[in-house]
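Here the structure comes first, spelled out in structure tokens, and everything after it is commentary.
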Amino acid sequence: LLVRDAYLVFRALCKLSMKTMPDKPDPASVRGKVLSLSLLQILLENGGPVFCGSERFVGAIRQYLCLSLLKNCSSSVLSVFQLTCSIFLSVVVRFRARLKAEVGEIFPIIMLRVLEGQTGAAPPSFPLQGTVLRGAGVLAREPQVLVDLFVNYDCAVEGSNLFERLVSALIGLVQGAPPGAPSTTGLSTQQESALKASAATALRDVLSGLCGWLDAGGGSEAGEDGSVHGGTELADGEADAPATPAPAAGGSAEGGADEAGSAAHGGVGTPTPGGTPSIEQQKRDKLEFLEGVALFNKKPKKGIKFLIERGRVGETHEEIAAFLKAGVAMGLDKTSIGEYLGEAEESALKVMHAYVDALDFTGMVFDDGIRYFLQDFRLPGEAQKIDRLMEKFAERYCTQNPESSFTSADTAYVLAYSVIMLNTDAHNPQVKNKMSLEGFLKNNRGVGEPGELTEELLSAIYKRITTNEIKLKDGGVDSRTEDVAAGKAQGGGFGNLNDVITGIFGAKRRSVGGAGLDEDAIASTQERLRDAAAGGSGSAFVVSHDPSVARPMLEAVWPPLLAALSLGFEGAADGSAAGAQGYDPQLLLQCTRSAVRMAAVLGMETVRDAFITTLAKFTSLHEPSHMNAHNVNAIRTMLEIAEQDGNYLGGTWAQVLKCISRLAHLQMVAEGTMSDAALLGNAGQPQPEAPKPRWHQRRSGARAASLGHELAASEDPAVAARLRGVLTGLEADCLDRVFAGSARLDGDAVIDFVMALCAVSLEELSNLSRPRIFSLQKVVEISYFNMTRIRLVWSRIWGVLADYFVAVGCNDNLQVAMYAIDSLRQLSTKFLERDEMSKFNFQVVALRPFVVIMRRSKSPEIRELIIRCLSQMIQARVDNVSSGWKSMFMVFTTAATDDNRAIVKLAFETIEHIVREYFGYITETEATTFTDAVNCLIAFTNSPLTVEVSLNAIAFLRFAALKLAEGLPGGAQGGTAGAATGAAQGDAAKHVAQEHSHFWFPLLAGLGELVQDERPDVRRGAREVLFDTLRFHGHMFAPPFWERVFTNVLFPIFDCERGGGGARAAECVPLLVGLFGEFYDECAPALLGRVLELLVEFTARRPGCSKVGVEGLVNLCGDCGAKFGEEEWLAAAGALADAWATSVGVGGSAEADPGVAVRLLQAAGRVYALCEGRPEPACEVLRKVLAAGVARGRAAGDLAVEIEASAALLGAVGDDAARAVPLCAEVMDRYLATGTSGASGAGVQQQPDGAAGAPNGGDAGGLGGGQLSGAQRMELMARAPLVARALRSMGSLPDLRAHLPRVFDRCCALVRFEHADTEVRAALAEFFASVGDAVHITQAGKTANGVS
């Protein structure tokens, strides 16, 4: 019963509020209407859940209250209009989910038409606009309402763009008329300023409300776990929250702001079904559809094709016809529809037939059928198109009305033409002589069969047509097609309800205060609402809490918003309190602040950048002479954005930091502080710019002018005085807070911040004559602030900073570069305070800028400063240096190659100090650090500027080798470590493991290269250290490493000398042979062949080095012969044979060094002596060499070779009578032949042509006859020792008696030889004594045999 009573009261109040007041309202009627509306407002604002959730009450709102709102929104009484707005806002806030169609119909009428100035011929009054603006402010404080309006209307194809039009209207009011244009509002200047201020306030509230909604995660409440749940819901229409108070009559909405902010959103949602397009997609679909509509209104056939291709319209003729039928409500131009339906193309004809066949003319009189047929399109102007349309109409009408008087469709066709002509004639004001009834009857006389068109029928048609014009159905866009299309092209849009309401405002209006709404419009709106309710009211109401919805909302309004803000900022340039636009520019700054926040959070980079750029321009930092208080507020807003929204600024940080840099400069100018240019500026002409890092080149593009040039004019005294008065409003720490806040930025944002700061700093330094170091100082500061970040993030930060410091450190301005180096030193020292675990290389990366600058800088002062900085860092933080040693040694290595002697000495002094004092720190960190230190020392040994440094470096290499032998660095085990842990471990400790060879190899390789140095002292010192190291520590090397040492260190010493004199390398041959012999077990057999090859080469191919090669061969066999096997001896003998064959051949060393053959023969004899008792193949090879020497000596007349070869061969054959007896006989023959008369007897020494020879034997008689020449006497003296040796060799044969006949005659000849030498005669005596003994022994043997 109570519910029923409440319902009846509500309905009664609605009906009372709908009472029509007289043209001149009396106080009683006004009070009654105001009272009824006030009571309705109270009911709506205080209704409980039963009222809000009851379908009965919702139906009453739909049926009665909405009608009341439509009638009262045109009231001339301001209080009535204000209450109407308040009630409607309450309906929107609380019942929008249940009254989707009603809100969509009424919102444009009450809100938009007043804001857009569409209230009739006269512009809306100031009070009306003020009321609506206050109402807009109420909606602005309900961001969920704005979101729901956008989602359910702006994103719906059939909906009007309520949100977009609301914001666009506010923007239009803020902008006002263009400068210099006359005002069209009819308002005073004060009223226009007040409206602009109210619109700007409402616009600010809209943006700030949406920004707060976005920050809250889409307005969702946090769950029990504290998370924010966003999403999209389909409202079921239930509302259970208190209503939002609307603006009170004659008052402001400010009093209800707090309550408005706490109002809940109408409807309890259910999840959106799967597969529903996102809000952004729906908005894009609508924009695409409207694009097709606009194209259709210009070119119908292309528009239909576009819509079909995009899937917005079906491909069948029936679907296209249905779209055209409903298209008027969606913005299709009726003229364009008529043009398309009248086309002669087959497809268009089929669509027209389908269109007409879908109409139902059953039971309609003929002229009503025409009215119904033409209500949704305008007949085309071409007669043939009209003919086709009328022909199809007649056919359809006759088919559906067989009981009509028409016997054929031809009659209906002709009559339809006649009716169209009558309608035009009767209602066209340009036609002066109207058609009379008689004329109409006359025109149709004779049409059809007799009696088919009676006079009564024609008279009735004439009367109805002349009294009731055939008109297009309301809601078309005929006269506004171009405007609507232009609106869509600018990003706007339209829907059926908006266009319907706008279109029905015709000439017949009750002009009440400029806001009248005629009865036809109200009736038309009611009819559509009833149709919507009867048809199920379209799609469900969507309540969205998805924060991404804000993206299309901002996309829809940001271009006009940006334009309005730009114009507003320009108008505020006069510096007055309200600016030239009539309102406080602070409102625009707040709008900009919210827009930037939304764009940044939503990732809309283009929008964000556009607003930031506009704000930066308004700061007037680039024109300090025009700066005023409003510009300072803009600066404050910019700093607030940087401080609070830094995580979202991305690439816009560059623009923000440029403003900060300019501001810092202006503050310095205002304070009268000495500029950076005065401290750091270079004298003379500016030098070319230093190279910039790659990331700066990518970001710069077309590089802007240097900040130094832009700010040069700001140092004017007048400007400084102005700045002192303007900049006092800024907080003292406003800039510092921005940089300190960098520590709160997330990982990606801080990278963008650092890159932008470095880019701005490089621009500050780009003008070498007026550099600024503000940003350079801030780079150091933010590095300290962010140094505690996790390693992954800090590594990325340092990657940017490293390139930056390299670029600044190479700056041509010496003062700037030194400042950068010192800043880098401070940061690096701070880095080294953090302990670094093993196997990490962060310190390497941190110190790498020093390396790059050291290599690139052309300034000796900078290079010297780097060395001193590193020296200080080592002394201060040596306990913490770990992987950083690598970068430090790289710096010192670079310094070792410097062309400045002072830098080389300074660097080596530092290295000397490190090695002497901190060598333990080097070896206890990373194993590779030792290698870096060795490479650094080797670099100093190669320095060509000072021998002293090179020799000292070589001495330190010896020291390093000793340290390395004591134990591998970095904790690796080597040397003698673990020798007492067992046999197996002892063997392992005896050799350096293969994986640790990289410690020794750089040291040995560096020394090997120094052995080839041009400087004798360096060469000698390096040779000594190299071979001493190998000799003293070679027992630690494994065979594979020995092979590597010989191949890559020792052999290259000799390779580089091939083709030359080889004197330097020859000094190393004995050392090499001795080393090989000492470590033969580790080096052989893989290296024996290479060593023999090297010795053969020295012996045979290097002039002046044969002695070294021969001695090496002999010493090698002597040192290693006891360990040689058959193969090794054969290889050694073969090497001698190769040396002989090569040296005595054409181009051999014997040509330049005659003694090489003798030395080879002597070596062969010595080797044969060592090889005696060894494998016969090797001995045979040696004997062949000696025999070849004999033959060559005789053939060449080389007495020395022949004698040496014969002597060696005698020693080689030993007791082998078969070989010894013939050789001895030949020796005696050569001797006797030399002393015979007529014998030339010249040796090679006496015969320059080398062709001298001796007869093979001679007659025993006549020996010694004749006088001997001096050459013969000398040859006899040379051969005498050989003959004596041959005699003694024969005398020692065990079976001498058996071979005595072969030599006895020659011995007798020697007895008779008068020139025989004393030594020969003594040998003969010994020989005959041996013969006598042999004979005696033989005779005794025979006697004994006889006795027996």
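Residues are referred to by chain and number: the chain letter is A, B, ... according to the order shown in the structure tokens, the number counts from 1 in that chain, and ligands are numbered separately from 1 in the order shown.
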
Practice problem: Find the spatial neighbours of Asp1317 in chain A, counting only C-alpha atoms, within a cut-off of 12 Å - ignore same-chain residues fewer than 5 positions away - and output them as number ranges by chain. | Solution: A: 1231-1232, 1235, 1273-1284, 1310-1312, 1322-1324

Quiz item: What's the 7 Å shell around range 18-25 of chain A, counting only C-alpha atoms, without same-chain residues fewer than 4 positions away, as an NGL selection string?
Solution: :A and (14 or 29-30 or 68 or 71)

Quiz item: Could you pull the residues within 12 Å of Thr613 in chain A, counting only C-alpha atoms, minus those fewer than 5 positions along the same chain, as JSON, numbers by chain?
Solution: {"A": [562, 565, 566, 592, 596, 605, 606, 607, 608, 618, 619, 620, 634, 638, 651, 652, 653, 654, 655, 656, 658, 659]}

Please write the residues from the selection above to a file, keeping N, CA and C atoms, as a CSV table (one decimal), in the first residue's frame.
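Output contents, as saved in selection-v7.csv:
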```
chain,number,residue,atom,x,y,z
A,562,LEU,N,43.9,21.2,-27.1
A,562,LEU,CA,45.2,21.7,-27.2
A,562,LEU,C,45.2,23.1,-27.9
A,565,LEU,N,43.9,25.6,-25.3
A,565,LEU,CA,45.0,25.9,-24.3
A,565,LEU,C,46.0,26.9,-24.9
A,566,SER,N,46.4,26.6,-26.2
A,566,SER,CA,47.4,27.4,-26.8
A,566,SER,C,46.9,28.9,-26.9
A,592,THR,N,46.1,21.5,-18.5
A,592,THR,CA,47.3,20.9,-19.1
A,592,THR,C,47.9,19.8,-18.2
A,596,VAL,N,48.3,16.1,-19.5
A,596,VAL,CA,49.6,15.4,-19.6
A,596,VAL,C,49.6,14.2,-18.8
A,605,GLU,N,52.0,9.0,-26.5
A,605,GLU,CA,53.2,9.8,-26.6
A,605,GLU,C,53.0,11.0,-27.4
A,606,THR,N,52.3,10.9,-28.5
A,606,THR,CA,52.1,12.1,-29.3
A,606,THR,C,51.3,13.2,-28.6
A,607,VAL,N,50.3,12.8,-27.9
A,607,VAL,CA,49.5,13.7,-27.1
A,607,VAL,C,50.3,14.3,-26.0
A,608,ARG,N,51.0,13.5,-25.3
A,608,ARG,CA,51.8,13.9,-24.2
A,608,ARG,C,52.8,15.0,-24.7
A,618,PHE,N,54.8,28.2,-23.1
A,618,PHE,CA,54.1,29.2,-22.3
A,618,PHE,C,55.0,29.6,-21.1
A,619,THR,N,56.0,28.8,-20.8
A,619,THR,CA,56.9,29.2,-19.7
A,619,THR,C,57.7,30.4,-20.1
A,620,SER,N,57.9,30.7,-21.4
A,620,SER,CA,58.6,31.9,-21.8
A,620,SER,C,60.0,31.9,-21.4
A,634,ALA,N,53.4,28.5,-15.1
A,634,ALA,CA,53.7,27.4,-16.0
A,634,ALA,C,54.9,26.6,-15.7
A,638,MET,N,55.3,22.7,-14.9
A,638,MET,CA,56.2,21.8,-15.6
A,638,MET,C,57.1,21.1,-14.5
A,651,GLY,N,60.4,10.1,-23.8
A,651,GLY,CA,61.3,11.0,-24.6
A,651,GLY,C,61.0,12.5,-24.3
A,652,THR,N,59.9,12.8,-23.6
A,652,THR,CA,59.6,14.2,-23.3
A,652,THR,C,60.5,14.8,-22.3
A,653,TRP,N,61.3,13.9,-21.6
A,653,TRP,CA,62.2,14.4,-20.6
A,653,TRP,C,63.2,15.4,-21.2
A,654,ALA,N,63.5,15.3,-22.4
A,654,ALA,CA,64.5,16.2,-23.1
A,654,ALA,C,63.9,17.6,-23.0
A,655,GLN,N,62.6,17.8,-23.4
A,655,GLN,CA,62.0,19.1,-23.4
A,655,GLN,C,61.9,19.7,-22.0
A,656,VAL,N,61.5,18.8,-21.0
A,656,VAL,CA,61.4,19.2,-19.6
A,656,VAL,C,62.8,19.7,-19.1
A,658,LYS,N,65.4,20.7,-20.8
A,658,LYS,CA,65.8,21.9,-21.4
A,658,LYS,C,65.2,23.1,-20.7
A,659,CYS,N,64.0,23.0,-20.3
A,659,CYS,CA,63.3,24.1,-19.6
A,659,CYS,C,64.0,24.3,-18.2
```

Self-check item: Close residues, Ala743 in chain A itself excluded, 8 Å, only C-alpha atoms, min 3 positions apart in chain, as a list of chain:residue names
Solution: A:Ala740, A:Val750, A:Ile782, A:Phe785, A:Asn786

Practice problem: Show which residues sit within 9 Å of Val419 in chain A, as a list of chain:residue names. Count only C-alpha atoms, and ignore same-chain residues fewer than 6 positions away. | Solution: A:Asp367, A:Ile370, A:Ile461, A:Tyr462, A:Ile465

Keeping only C-alpha atoms, write the selected residues to a file as an mmCIF file, in the first residue's frame.
```cif
data_model
loop_
_atom_site.group_PDB
_atom_site.id
_atom_site.type_symbol
_atom_site.label_atom_id
_atom_site.label_comp_id
_atom_site.auth_asym_id
_atom_site.auth_seq_id
_atom_site.Cartn_x
_atom_site.Cartn_y
_atom_site.Cartn_z
ATOM 1 C CA ASP A 367 -1.799 9.968 -50.892
ATOM 2 C CA ILE A 370 2.978 8.411 -51.037
ATOM 3 C CA ILE A 461 -6.695 13.895 -52.552
ATOM 4 C CA TYR A 462 -6.537 17.569 -53.564
ATOM 5 C CA ILE A 465 -2.494 17.591 -50.172
#
```

As a compact mmCIF listing (two decimals) with N, CA, C and O atoms, in the first residue's frame, which residues of range 718-759 of chain A does DSSP assign to alpha helix (DSSP H)?
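Once written, result-v1.txt looks like this:
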```
# COMPACT_ATOMS: atom_id res chain seq x y z
N ALA A 718 68.91 44.69 -17.66
CA ALA A 718 67.48 44.94 -17.53
C ALA A 718 66.70 43.65 -17.37
O ALA A 718 65.76 43.56 -16.57
N VAL A 719 67.08 42.66 -18.15
CA VAL A 719 66.43 41.36 -18.03
C VAL A 719 66.69 40.75 -16.66
O VAL A 719 65.80 40.17 -16.03
N ALA A 720 67.90 40.90 -16.17
CA ALA A 720 68.23 40.36 -14.86
C ALA A 720 67.38 41.01 -13.77
O ALA A 720 66.91 40.34 -12.85
N ALA A 721 67.18 42.30 -13.88
CA ALA A 721 66.34 42.99 -12.89
C ALA A 721 64.90 42.49 -12.95
O ALA A 721 64.25 42.29 -11.92
N ARG A 722 64.39 42.26 -14.16
CA ARG A 722 63.02 41.75 -14.29
C ARG A 722 62.91 40.34 -13.72
O ARG A 722 61.94 39.99 -13.04
N LEU A 723 63.92 39.54 -13.98
CA LEU A 723 63.88 38.17 -13.50
C LEU A 723 63.92 38.11 -11.98
O LEU A 723 63.30 37.22 -11.37
N ARG A 724 64.63 39.00 -11.35
CA ARG A 724 64.68 39.00 -9.89
C ARG A 724 63.30 39.20 -9.29
O ARG A 724 62.98 38.64 -8.25
N GLY A 725 62.48 39.98 -9.95
CA GLY A 725 61.13 40.20 -9.44
C GLY A 725 60.17 39.08 -9.78
O GLY A 725 59.21 38.84 -9.04
N VAL A 726 60.41 38.38 -10.89
CA VAL A 726 59.46 37.37 -11.35
C VAL A 726 59.73 36.00 -10.72
O VAL A 726 58.81 35.29 -10.32
N CYS A 734 63.22 23.85 -5.86
CA CYS A 734 62.31 23.26 -6.86
C CYS A 734 63.06 22.43 -7.89
O CYS A 734 62.58 21.38 -8.33
N LEU A 735 64.23 22.89 -8.30
CA LEU A 735 65.00 22.14 -9.29
C LEU A 735 65.66 20.92 -8.66
O LEU A 735 65.70 19.84 -9.26
N ASP A 736 66.15 21.07 -7.45
CA ASP A 736 66.82 19.94 -6.80
C ASP A 736 65.86 18.78 -6.56
O ASP A 736 66.27 17.62 -6.62
N ARG A 737 64.61 19.09 -6.32
CA ARG A 737 63.64 18.01 -6.08
C ARG A 737 63.45 17.14 -7.31
O ARG A 737 63.24 15.93 -7.20
N VAL A 738 63.52 17.76 -8.48
CA VAL A 738 63.36 16.98 -9.71
C VAL A 738 64.49 15.97 -9.85
O VAL A 738 64.26 14.78 -10.14
N PHE A 739 65.71 16.40 -9.61
CA PHE A 739 66.84 15.49 -9.79
C PHE A 739 66.93 14.48 -8.65
O PHE A 739 67.29 13.32 -8.87
N ALA A 740 66.59 14.91 -7.45
CA ALA A 740 66.55 13.94 -6.35
C ALA A 740 65.46 12.91 -6.57
O ALA A 740 65.62 11.75 -6.17
N GLY A 747 62.71 1.51 -13.66
CA GLY A 747 63.90 1.17 -14.43
C GLY A 747 63.95 1.80 -15.81
O GLY A 747 64.98 2.35 -16.23
N ASP A 748 62.86 1.73 -16.56
CA ASP A 748 62.85 2.30 -17.92
C ASP A 748 62.81 3.82 -17.88
O ASP A 748 63.45 4.49 -18.71
N ALA A 749 62.07 4.38 -16.93
CA ALA A 749 61.94 5.83 -16.88
C ALA A 749 63.26 6.49 -16.54
O ALA A 749 63.60 7.55 -17.09
N VAL A 750 64.02 5.89 -15.64
CA VAL A 750 65.30 6.51 -15.28
C VAL A 750 66.27 6.48 -16.45
O VAL A 750 67.10 7.39 -16.59
N ILE A 751 66.16 5.49 -17.31
CA ILE A 751 67.01 5.46 -18.50
C ILE A 751 66.65 6.63 -19.42
O ILE A 751 67.53 7.35 -19.94
N ASP A 752 65.35 6.84 -19.63
CA ASP A 752 64.93 7.98 -20.45
C ASP A 752 65.40 9.30 -19.83
O ASP A 752 65.84 10.21 -20.54
N PHE A 753 65.30 9.39 -18.52
CA PHE A 753 65.72 10.60 -17.83
C PHE A 753 67.22 10.85 -18.02
O PHE A 753 67.65 11.97 -18.34
N VAL A 754 68.01 9.81 -17.83
CA VAL A 754 69.46 9.96 -17.93
C VAL A 754 69.86 10.30 -19.37
O VAL A 754 70.72 11.17 -19.61
N MET A 755 69.25 9.63 -20.34
CA MET A 755 69.57 9.93 -21.74
C MET A 755 69.23 11.38 -22.08
O MET A 755 70.01 12.08 -22.76
N ALA A 756 68.07 11.83 -21.61
CA ALA A 756 67.67 13.21 -21.90
C ALA A 756 68.60 14.20 -21.22
O ALA A 756 69.01 15.21 -21.82
N LEU A 757 68.97 13.93 -19.97
CA LEU A 757 69.87 14.83 -19.26
C LEU A 757 71.23 14.90 -19.93
O LEU A 757 71.82 15.99 -20.06
N CYS A 758 71.73 13.78 -20.37
CA CYS A 758 73.02 13.78 -21.06
C CYS A 758 72.93 14.54 -22.38
O CYS A 758 73.86 15.27 -22.75
N ALA A 759 71.82 14.37 -23.09
CA ALA A 759 71.66 15.09 -24.36
C ALA A 759 71.61 16.60 -24.13
O ALA A 759 72.23 17.38 -24.87
```

Quiz prompt | Counting only C-alpha atoms, the option among A:Lys302, A:His1299, A:Lys1184, A:Arg796 closest to Ala1208 in chain A | solution = A:Lys1184

Self-check item: Contacts of Phe51 in chain A at 10 Å (only C-alpha atoms; same-chain gap of 5+ positions) as a PyMOL selection string
Solution: chain A and resi 3+6-7+43-44+46+56-58+239-240

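CA of Pro560 in chain A is found 12.8 Å from CA of Gly176 in chain A.
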
Exercise. Figure out the distance between CA of Glu643 in chain A and CA of Ile821 in chain A, please, to one decimal in Å.
Key: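 Calculated distance between CA of Ile821 in chain A and CA of Glu643 in chain A is 29.6 Å.
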